[in-house]
file data37.tsv (TSV, C-alpha atoms)
chain	number	residue	atom	x	y	z
A	1	MET	CA	-52.99	7.80	6.39
A	2	ASN	CA	-50.85	10.07	4.22
A	3	VAL	CA	-48.32	10.41	7.05
A	4	TRP	CA	-47.88	6.62	7.33
A	5	PHE	CA	-47.55	6.37	3.56
A	6	ALA	CA	-44.82	9.01	3.57
A	7	ILE	CA	-42.96	7.24	6.39
A	8	LEU	CA	-43.15	3.93	4.53
A	9	TRP	CA	-41.95	5.53	1.31
A	10	MET	CA	-38.97	7.18	3.08
A	11	TRP	CA	-38.05	3.88	4.77
A	12	GLN	CA	-38.05	2.04	1.45
A	13	ALA	CA	-36.12	4.80	-0.28
A	14	ALA	CA	-33.41	4.98	2.41
A	15	PRO	CA	-30.07	4.28	0.69
A	16	ALA	CA	-28.14	1.13	1.57
A	17	PRO	CA	-24.50	1.46	2.71
A	18	ALA	CA	-22.09	2.20	-0.10
A	19	ALA	CA	-21.23	-1.06	-1.83
A	20	SER	CA	-17.50	-0.39	-1.99
A	21	GLN	CA	-17.28	0.45	1.71
A	22	ALA	CA	-19.35	-2.62	2.60
A	23	ARG	CA	-17.11	-4.88	0.49
A	24	ALA	CA	-14.01	-3.55	2.24
A	25	GLN	CA	-15.49	-4.25	5.68
A	26	ILE	CA	-16.65	-7.73	4.64
A	27	ALA	CA	-13.19	-8.50	3.22
A	28	GLN	CA	-11.65	-7.57	6.59
A	29	GLN	CA	-14.05	-9.91	8.37
A	30	ILE	CA	-13.10	-12.71	5.96
A	31	ARG	CA	-9.39	-12.18	6.71
A	32	ALA	CA	-10.02	-12.11	10.46
A	33	ALA	CA	-12.04	-15.34	10.24
A	34	GLY	CA	-9.23	-16.99	8.30
A	35	GLU	CA	-6.75	-16.02	11.02
A	36	ASN	CA	-9.05	-17.45	13.69
A	37	LEU	CA	-9.39	-20.61	11.65
A	38	ASP	CA	-5.58	-20.89	11.49
A	39	LEU	CA	-5.53	-20.70	15.28
A	40	GLY	CA	-8.21	-23.38	15.57
A	41	ASP	CA	-10.76	-20.98	17.07
A	42	TYR	CA	-13.77	-22.26	15.11
A	43	ASN	CA	-16.40	-20.55	17.27
A	44	GLU	CA	-14.89	-17.10	16.74
A	45	ALA	CA	-14.48	-17.73	13.01
A	46	ILE	CA	-18.13	-18.83	12.70
A	47	ALA	CA	-19.32	-15.78	14.66
A	48	GLY	CA	-17.30	-13.40	12.49
A	49	LEU	CA	-18.54	-14.95	9.24
A	50	SER	CA	-22.13	-14.82	10.47
A	51	ARG	CA	-21.72	-11.09	11.05
A	52	ALA	CA	-20.27	-10.79	7.54
A	53	LEU	CA	-23.35	-12.54	6.07
A	54	ASN	CA	-25.63	-10.10	7.89
A	55	GLN	CA	-23.67	-7.21	6.39
A	56	VAL	CA	-23.95	-8.84	2.93
A	57	ARG	CA	-27.75	-8.81	3.25
A	58	GLN	CA	-27.89	-5.25	4.59
A	59	ALA	CA	-25.70	-3.97	1.75
A	60	GLN	CA	-27.79	-5.92	-0.82
A	61	LEU	CA	-24.75	-7.89	-2.01
A	62	ALA	CA	-26.38	-11.31	-1.91
A	63	ARG	CA	-25.43	-12.00	-5.54
A	64	ASP	CA	-21.98	-10.42	-5.30
A	65	PRO	CA	-18.88	-12.69	-5.57
A	66	ILE	CA	-17.81	-11.59	-2.08
A	67	ALA	CA	-20.96	-13.23	-0.71
A	68	ALA	CA	-19.83	-16.51	-2.27
A	69	ASN	CA	-16.45	-16.13	-0.55
A	70	VAL	CA	-18.14	-15.67	2.83
A	71	GLU	CA	-20.38	-18.72	2.30
A	72	ALA	CA	-17.44	-20.87	1.15
A	73	LEU	CA	-15.25	-19.99	4.13
A	74	LEU	CA	-18.16	-20.53	6.50
A	75	GLY	CA	-18.74	-23.94	4.92
A	76	ALA	CA	-15.07	-24.85	5.38
A	77	THR	CA	-15.14	-23.71	9.01
A	78	LEU	CA	-18.25	-25.74	9.78
A	79	ALA	CA	-16.75	-28.82	8.11
A	80	LEU	CA	-13.59	-28.53	10.20
A	81	ALA	CA	-15.72	-27.97	13.31
A	82	GLY	CA	-17.48	-31.31	12.73
A	83	LYS	CA	-20.77	-30.00	11.28
A	84	PRO	CA	-20.84	-31.50	7.77
A	85	ASN	CA	-24.56	-30.95	7.07
A	86	ASP	CA	-24.35	-27.22	7.81
A	87	ALA	CA	-21.14	-27.06	5.77
A	88	VAL	CA	-22.87	-28.60	2.71
A	89	ALA	CA	-25.72	-26.05	2.97
A	90	HIS	CA	-23.30	-23.09	2.92
A	91	PHE	CA	-21.22	-24.61	0.12
A	92	ARG	CA	-24.43	-24.95	-1.92
A	93	ALA	CA	-25.20	-21.28	-1.34
A	94	ALA	CA	-21.68	-20.32	-2.42
A	95	LEU	CA	-21.83	-22.39	-5.61
A	96	ARG	CA	-25.21	-20.92	-6.58
A	97	ILE	CA	-23.72	-17.44	-6.42
A	98	ASN	CA	-20.43	-18.35	-8.10
A	99	SER	CA	-20.04	-21.80	-9.64
A	100	HIS	CA	-16.25	-21.30	-9.75
A	101	VAL	CA	-15.83	-20.44	-6.08
A	102	LYS	CA	-12.87	-22.16	-4.42
A	103	VAL	CA	-11.70	-22.90	-0.91
A	104	GLU	CA	-8.21	-21.73	0.04
A	105	GLU	CA	-5.62	-24.48	-0.17
A	106	ARG	CA	-4.66	-24.17	3.50
A	107	PHE	CA	-8.25	-25.14	4.48
A	108	TRP	CA	-8.66	-27.85	1.81
A	109	LYS	CA	-8.66	-30.81	4.18
A	110	PRO	CA	-10.58	-34.11	3.88
A	111	PRO	CA	-13.73	-32.99	5.79
A	112	VAL	CA	-13.88	-29.78	3.75
A	113	GLN	CA	-13.25	-31.58	0.46
A	114	SER	CA	-15.99	-34.15	1.20
A	115	ALA	CA	-18.63	-31.53	2.06
A	116	PHE	CA	-17.69	-29.35	-0.92
A	117	GLU	CA	-17.90	-32.20	-3.43
A	118	GLN	CA	-21.27	-33.24	-1.99
A	119	ALA	CA	-22.60	-29.71	-2.40
A	120	ARG	CA	-21.21	-29.48	-5.94
A	121	GLY	CA	-23.05	-32.69	-6.87
A	122	GLN	CA	-26.32	-31.22	-5.58
A	123	VAL	CA	-25.91	-27.88	-7.37
A	124	ALA	CA	-24.57	-29.19	-10.71
A	125	PRO	CA	-27.92	-30.59	-12.03
A	126	VAL	CA	-29.68	-27.28	-11.29
A	127	ALA	CA	-26.96	-25.33	-13.02
A	128	ALA	CA	-27.10	-27.63	-16.06
A	129	ALA	CA	-30.87	-27.17	-16.36
A	130	ASN	CA	-30.55	-23.37	-16.27
A	131	PRO	CA	-27.26	-22.50	-17.94
A	132	PRO	CA	-26.27	-18.85	-17.56
A	133	PRO	CA	-26.02	-16.72	-20.73
A	134	ALA	CA	-22.64	-16.82	-22.38
A	135	GLU	CA	-20.49	-13.89	-21.50
A	136	PRO	CA	-18.46	-12.14	-24.19
A	137	LYS	CA	-14.86	-13.23	-24.26
A	138	THR	CA	-12.43	-10.64	-23.12
A	139	THR	CA	-8.68	-10.75	-23.07
A	140	ALA	CA	-7.40	-10.31	-19.55
A	141	PRO	CA	-4.56	-7.81	-19.19
A	142	PRO	CA	-1.16	-9.30	-18.34
A	143	VAL	CA	-0.47	-9.64	-14.64
A	144	PRO	CA	2.29	-7.20	-13.68
A	145	LYS	CA	5.39	-8.71	-12.14
A	146	PRO	CA	6.03	-7.85	-8.48
A	147	SER	CA	8.41	-4.97	-8.02
A	148	ALA	CA	10.28	-3.45	-5.10
A	149	ALA	CA	7.73	-0.73	-4.66
A	150	GLY	CA	6.50	-2.52	-1.65
A	151	PRO	CA	3.05	-3.87	-0.70
A	152	PRO	CA	-0.05	-1.80	-1.53
A	153	PRO	CA	-0.84	0.75	1.15
A	154	GLU	CA	-3.61	-0.18	3.56
A	155	ASP	CA	-6.42	2.20	4.40
A	156	ASP	CA	-5.58	3.51	7.86
A	157	ASN	CA	-9.03	5.11	8.13
A	158	THR	CA	-10.77	1.74	8.44
A	159	PRO	CA	-10.82	0.02	11.84
A	160	VAL	CA	-8.24	-2.71	12.37
A	161	THR	CA	-9.59	-6.24	12.68
A	162	GLY	CA	-7.15	-8.84	13.98
A	163	ILE	CA	-3.64	-7.67	13.07
A	164	ARG	CA	-2.58	-5.32	10.29
A	165	ALA	CA	1.12	-5.56	9.34
A	166	ARG	CA	3.21	-3.95	6.62
A	167	ALA	CA	6.72	-2.86	5.73
A	168	MET	CA	7.33	0.88	6.12
A	169	VAL	CA	9.63	1.14	3.08
A	170	ALA	CA	10.43	-0.85	-0.03
A	171	ALA	CA	12.80	-3.72	0.70
A	172	GLU	CA	16.34	-3.28	-0.62
A	173	ALA	CA	19.12	-5.84	-0.23
A	174	GLY	CA	21.57	-4.96	2.52
A	175	ARG	CA	19.35	-2.32	4.11
A	176	ALA	CA	17.37	-2.71	7.36
A	177	LEU	CA	13.62	-3.13	6.80
A	178	PRO	CA	11.23	-1.65	9.42
A	179	ILE	CA	7.93	-3.52	9.95
A	180	GLN	CA	4.88	-1.98	11.61
A	181	ALA	CA	1.94	-3.88	13.13
A	182	LYS	CA	-1.38	-2.66	14.52
A	183	VAL	CA	-3.60	-4.80	16.74
A	184	GLY	CA	-7.38	-4.47	16.49
A	185	ALA	CA	-9.72	-3.86	19.40
A	186	ASP	CA	-11.22	-7.31	18.84
A	187	VAL	CA	-7.89	-8.86	19.91
A	188	GLY	CA	-7.47	-6.72	23.01
A	189	THR	CA	-4.14	-5.67	24.49
A	190	PRO	CA	-1.52	-8.39	23.93
A	191	ALA	CA	1.32	-9.04	26.34
A	192	LYS	CA	3.72	-8.93	23.39
A	193	VAL	CA	3.76	-8.87	19.60
A	194	MET	CA	6.28	-11.05	17.72
A	195	LEU	CA	7.75	-10.65	14.25
A	196	PHE	CA	8.94	-13.83	12.47
A	197	TYR	CA	10.99	-13.52	9.26
A	198	ARG	CA	13.21	-15.47	6.88
A	199	ALA	CA	14.67	-15.18	3.39
A	200	THR	CA	12.73	-16.93	0.64
A	201	GLY	CA	13.76	-20.58	0.56
A	202	GLY	CA	14.91	-20.55	4.18
A	203	SER	CA	13.78	-23.36	6.47
A	204	LYS	CA	13.57	-21.52	9.80
A	205	PHE	CA	12.01	-18.24	10.92
A	206	THR	CA	13.93	-15.82	13.11
A	207	GLU	CA	11.81	-14.07	15.74
A	208	LEU	CA	11.93	-10.53	17.10
A	209	VAL	CA	9.90	-8.89	19.87
A	210	MET	CA	8.23	-5.77	18.47
A	211	SER	CA	8.39	-2.58	20.52
A	212	PRO	CA	5.24	-0.55	21.29
A	213	ASN	CA	5.20	2.74	19.39
A	214	GLY	CA	2.06	4.77	20.04
A	215	GLU	CA	-0.88	2.79	18.67
A	216	ALA	CA	1.37	0.40	16.77
A	217	TYR	CA	4.29	-2.00	17.27
A	218	LYS	CA	7.56	-1.76	15.35
A	219	ALA	CA	10.65	-3.87	14.69
A	220	ALA	CA	13.37	-3.79	12.03
A	221	ILE	CA	14.72	-6.79	10.13
A	222	PRO	CA	18.53	-6.41	10.22
A	223	ALA	CA	20.25	-5.30	7.03
A	224	ALA	CA	22.28	-8.51	6.81
A	225	GLU	CA	19.06	-10.56	6.69
A	226	VAL	CA	17.43	-8.58	3.86
A	227	LYS	CA	18.52	-10.67	0.86
A	228	LEU	CA	17.47	-11.24	-2.73
A	229	PRO	CA	15.05	-12.22	-4.14
A	230	ALA	CA	12.38	-11.85	-1.41
A	231	LEU	CA	11.53	-11.93	2.29
A	232	GLN	CA	8.80	-13.84	4.10
A	233	TYR	CA	7.37	-12.76	7.44
A	234	TYR	CA	4.35	-12.94	9.72
A	235	VAL	CA	3.25	-11.21	12.92
A	236	GLU	CA	1.71	-12.83	16.00
A	237	ALA	CA	0.11	-11.32	19.12
A	238	ARG	CA	0.44	-13.33	22.34
A	239	ASP	CA	-1.08	-13.16	25.81
A	240	ALA	CA	0.69	-13.23	29.17
A	241	LYS	CA	0.91	-17.04	29.02
A	242	ASN	CA	2.60	-16.85	25.61
A	243	ARG	CA	-0.49	-18.20	23.85
A	244	PRO	CA	-1.30	-16.83	20.36
A	245	LEU	CA	-4.19	-14.38	20.23
A	246	ALA	CA	-4.11	-13.46	16.54
A	247	ARG	CA	-1.84	-13.61	13.51
A	248	ARG	CA	-1.20	-11.77	10.28
A	249	GLY	CA	0.20	-14.49	8.05
A	250	ASN	CA	1.40	-17.82	9.42
A	251	PRO	CA	4.36	-20.21	9.03
A	252	ASP	CA	2.66	-22.07	6.16
A	253	ARG	CA	1.43	-18.96	4.36
A	254	PRO	CA	3.69	-16.05	5.37
A	255	LEU	CA	3.49	-12.57	3.95
A	256	ALA	CA	5.94	-12.14	1.05
A	257	MET	CA	7.81	-9.04	-0.04
A	258	PRO	CA	10.19	-8.73	-3.02
A	259	VAL	CA	13.68	-7.43	-2.34
A	260	ALA	CA	15.29	-5.13	-4.88
A	261	GLU	CA	18.95	-4.86	-5.71
A	262	PRO	CA	20.69	-1.89	-4.07
A	263	ASP	CA	21.38	1.14	-6.18
A	264	ALA	CA	24.93	1.28	-7.54
A	265	PRO	CA	27.00	3.87	-5.61
A	266	PRO	CA	28.16	6.85	-7.68
A	267	ARG	CA	31.64	6.51	-9.10
A	268	PRO	CA	34.16	8.76	-7.36
A	269	THR	CA	35.46	11.61	-9.48
A	270	VAL	CA	39.20	11.19	-10.12
A	271	ALA	CA	41.06	14.46	-10.42
A	272	LYS	CA	43.20	14.63	-13.53
A	273	LYS	CA	46.87	15.12	-12.93
A	274	ALA	CA	48.31	18.29	-14.39
A	275	LYS	CA	50.66	17.68	-17.28
A	276	ARG	CA	54.25	18.47	-16.59
A	277	THR	CA	55.69	21.08	-18.93
A	278	ALA	CA	59.34	21.05	-19.86
A	279	PRO	CA	61.30	23.96	-18.35
A	280	PRO	CA	62.31	26.66	-20.87
A	281	PRO	CA	65.74	26.12	-22.43
A	282	GLU	CA	68.52	27.93	-20.74
A	283	VAL	CA	69.79	30.90	-22.73
A	284	ALA	CA	73.58	31.07	-22.98
A	285	PRO	CA	74.93	34.38	-21.71
A	286	THR	CA	75.83	36.82	-24.46
A	287	ALA	CA	79.55	37.48	-24.66
A	288	ALA	CA	80.49	41.04	-23.85
A	289	PRO	CA	81.93	43.02	-26.79
A	290	PRO	CA	85.70	43.27	-26.73
A	291	ALA	CA	86.95	46.33	-24.97
A	292	LYS	CA	88.62	48.97	-27.12
A	293	ALA	CA	92.34	49.07	-26.72
A	294	LYS	CA	93.43	52.08	-24.78
A	295	LYS	CA	95.87	54.40	-26.43
A	296	LYS	CA	99.23	54.60	-24.97
A	297	THR	CA	100.08	57.45	-22.83
A	298	GLY	CA	101.48	60.34	-24.81
A	299	GLU	CA	99.43	59.75	-27.99
A	300	ASP	CA	97.24	62.58	-29.08
A	301	GLU	CA	93.61	61.93	-28.77
A	302	GLU	CA	91.13	63.55	-31.07
A	303	ASN	CA	89.17	66.17	-29.27
A	304	PRO	CA	85.77	66.53	-30.89
A	305	PHE	CA	85.46	70.00	-29.51
A	306	ASP	CA	88.86	71.13	-30.78
A	307	GLU	CA	88.39	74.11	-33.03
A	308	GLU	CA	90.87	72.72	-35.48
A	309	HIS	CA	88.75	69.65	-36.04
A	310	ASP	CA	85.36	71.35	-35.88
A	311	PRO	CA	83.65	70.47	-39.19
A	312	THR	CA	81.24	73.38	-38.89
A	313	LYS	CA	83.96	75.98	-38.68
A	314	VAL	CA	85.26	77.34	-41.95
A	315	VAL	CA	88.93	78.17	-41.79
A	316	PRO	CA	89.84	80.97	-44.18
A	317	LYS	CA	92.59	80.24	-46.58
A	318	ALA	CA	95.69	82.38	-46.65
A	319	PRO	CA	95.79	84.81	-49.59
A	320	THR	CA	98.07	83.86	-52.37
A	321	LYS	CA	100.66	86.23	-53.56
call {"tool": "encode", "arguments": {"input": "data37.tsv", "output": "structure tokens"}}
result
Amino acid sequence: MNVWFAILWMWQAAPAPAASQARAQIAQQIRAAGENLDLGDYNEAIAGLSRALNQVRQAQLARDPIAANVEALLGATLALAGKPNDAVAHFRAALRINSHVKVEERFWKPPVQSAFEQARGQVAPVAAANPPPAEPKTTAPPVPKPSAAGPPPEDDNTPVTGIRARAMVAAEAGRALPIQAKVGADVGTPAKVMLFYRATGGSKFTELVMSPNGEAYKAAIPAAEVKLPALQYYVEARDAKNRPLARRGNPDRPLAMPVAEPDAPPRPTVAKKAKRTAPPPEVAPTAAPPAKAKKKTGEDEENPFDEEHDPTKVVPKAPTK
């Protein structure tokens, strides 16, 4: 009896998966379902969202906002698949978790809108009878403006679902922009992977075939096409019959990336010209002193060594008589 009690206690005390890790996996499943819904594959989208709901229950996130997002997208998928009653039931579940839950604009079509409004009408009276406690007002921090630092890095440790695409560097005007894409195991091995891009405001996408590179596919948007203020692109995997298998982004909602202005090139250093110095003034030649006139031949010249003229020699005077 004690053994069974211990086993039961250990089973109840077993920790659930980490909430943050579970949210990340559920968010990936939501993105993959949205891509399948873009392609019109309702069955695959419903299957993926059903798996996400099971993970929500296992991770004990039934009252978490991400659970409302799963229910809302599942309701939209069922409405588009022609199952309005099931869609209303899931919309009701989403609104009970989060009364402000919304359906993405790209899926907001008449069948979805009709089922959502019907569910809102059924949930509103219950919500009015049991109003939630007022939450303290808080001032939301300002939303930072997009910069050229590029998109946030994706966690490469998590398995890829559908297609994962990103730019390898920050986009800069006039510089080629490499794009990398990874295809998940759920998609299989595509015959080719295509990159579609255009400048913001452009009307037509240009397409490139991406080259396999290990476990990924790569292509570079030419430098001449990288223009201010931003780029739009999406990636599509296709089978051998050129049919789409999966997408990351789409023509109506492409991935966007801001383009920064190029850095100003450094100014070249101009060597200063050496100042010209005036040559030194020319010195006029000094005139030679006039030559002494030579004595004529026959004139006596004073001999400094002549005894008669020697100033150091005393000549005795003749005695006087």
call {"tool": "atom_distance", "arguments": {"input": "data37.tsv", "atom1": "CA of Gly174 (chain A)", "atom2": "CA of Lys227 (chain A)"}}
result
6.7 Å
call {"tool": "atom_distance", "arguments": {"input": "data37.tsv", "atom1": "CA of Ala19 (chain A)", "atom2": "CA of Arg63 (chain A)"}}
result
12.3 Å
call {"tool": "residues_around", "arguments": {"input": "data37.tsv", "residues": "region 49-56 of chain A", "least_positions_apart": "3", "cutoff": "12 Å", "atoms": "all atoms listed in the file", "output": "NGL selection string"}}
result
:A and (16-37 or 42-46 or 59-78 or 90 or 93-94)
call {"tool": "atom_distance", "arguments": {"input": "data37.tsv", "atom1": "CA of Gly202 (chain A)", "atom2": "CA of Met168 (chain A)"}}
result
22.8 Å
call {"tool": "closest_residue", "arguments": {"input": "data37.tsv", "among": "A:Pro190, A:Gly184, A:Pro110, A:Gly162", "to": "Lys241 (chain A)", "atoms": "all atoms listed in the file"}}
result
A:Pro190
call {"tool": "residues_near_point", "arguments": {"input": "data37.tsv", "point": "(-12.8, -33.8, 7.6)", "cutoff": "12 Å", "atoms": "all atoms listed in the file", "output": "PDB file with C-alpha atoms, in the coordinates of the input"}}
result
ATOM      1  CA  GLY A  75     -18.740 -23.940   4.920  1.00  0.00           C
ATOM      2  CA  ALA A  76     -15.070 -24.850   5.380  1.00  0.00           C
ATOM      3  CA  THR A  77     -15.140 -23.710   9.010  1.00  0.00           C
ATOM      4  CA  LEU A  78     -18.250 -25.740   9.780  1.00  0.00           C
ATOM      5  CA  ALA A  79     -16.750 -28.820   8.110  1.00  0.00           C
ATOM      6  CA  LEU A  80     -13.590 -28.530  10.200  1.00  0.00           C
ATOM      7  CA  ALA A  81     -15.720 -27.970  13.310  1.00  0.00           C
ATOM      8  CA  GLY A  82     -17.480 -31.310  12.730  1.00  0.00           C
ATOM      9  CA  LYS A  83     -20.770 -30.000  11.280  1.00  0.00           C
ATOM     10  CA  PRO A  84     -20.840 -31.500   7.770  1.00  0.00           C
ATOM     11  CA  ALA A  87     -21.140 -27.060   5.770  1.00  0.00           C
ATOM     12  CA  PHE A 107      -8.250 -25.140   4.480  1.00  0.00           C
ATOM     13  CA  TRP A 108      -8.660 -27.850   1.810  1.00  0.00           C
ATOM     14  CA  LYS A 109      -8.660 -30.810   4.180  1.00  0.00           C
ATOM     15  CA  PRO A 110     -10.580 -34.110   3.880  1.00  0.00           C
ATOM     16  CA  PRO A 111     -13.730 -32.990   5.790  1.00  0.00           C
ATOM     17  CA  VAL A 112     -13.880 -29.780   3.750  1.00  0.00           C
ATOM     18  CA  GLN A 113     -13.250 -31.580   0.460  1.00  0.00           C
ATOM     19  CA  SER A 114     -15.990 -34.150   1.200  1.00  0.00           C
ATOM     20  CA  ALA A 115     -18.630 -31.530   2.060  1.00  0.00           C
ATOM     21  CA  PHE A 116     -17.690 -29.350  -0.920  1.00  0.00           C
TER      22      PHE A 116
END
call {"tool": "axis_aligned_box", "arguments": {"input": "data37.tsv", "around": "region 206-214 of chain A", "padding_each_side": "3 Å", "output": "AutoDock Vina command-line options"}}
result
--center_x 8.0 --center_y -5.5 --center_z 17.2 --size_x 17.9 --size_y 26.6 --size_z 14.2
call {"tool": "closest_residue", "arguments": {"input": "data37.tsv", "among": "A:Val193, A:Ala165, A:Ala47, A:Leu255", "to": "Asn242 (chain A)", "atoms": "only C-alpha atoms"}}
result
A:Val193
call {"tool": "closest_residue", "arguments": {"input": "data37.tsv", "among": "A:Ala230, A:Ser99, A:Ala219, A:Val183", "to": "Glu261 (chain A)", "atoms": "all atoms listed in the file"}}
result
A:Ala230
call {"tool": "closest_residue", "arguments": {"input": "data37.tsv", "among": "A:Glu117, A:Gly48, A:Leu228, A:Ala256", "to": "Asp186 (chain A)", "atoms": "all atoms listed in the file"}}
result
A:Gly48
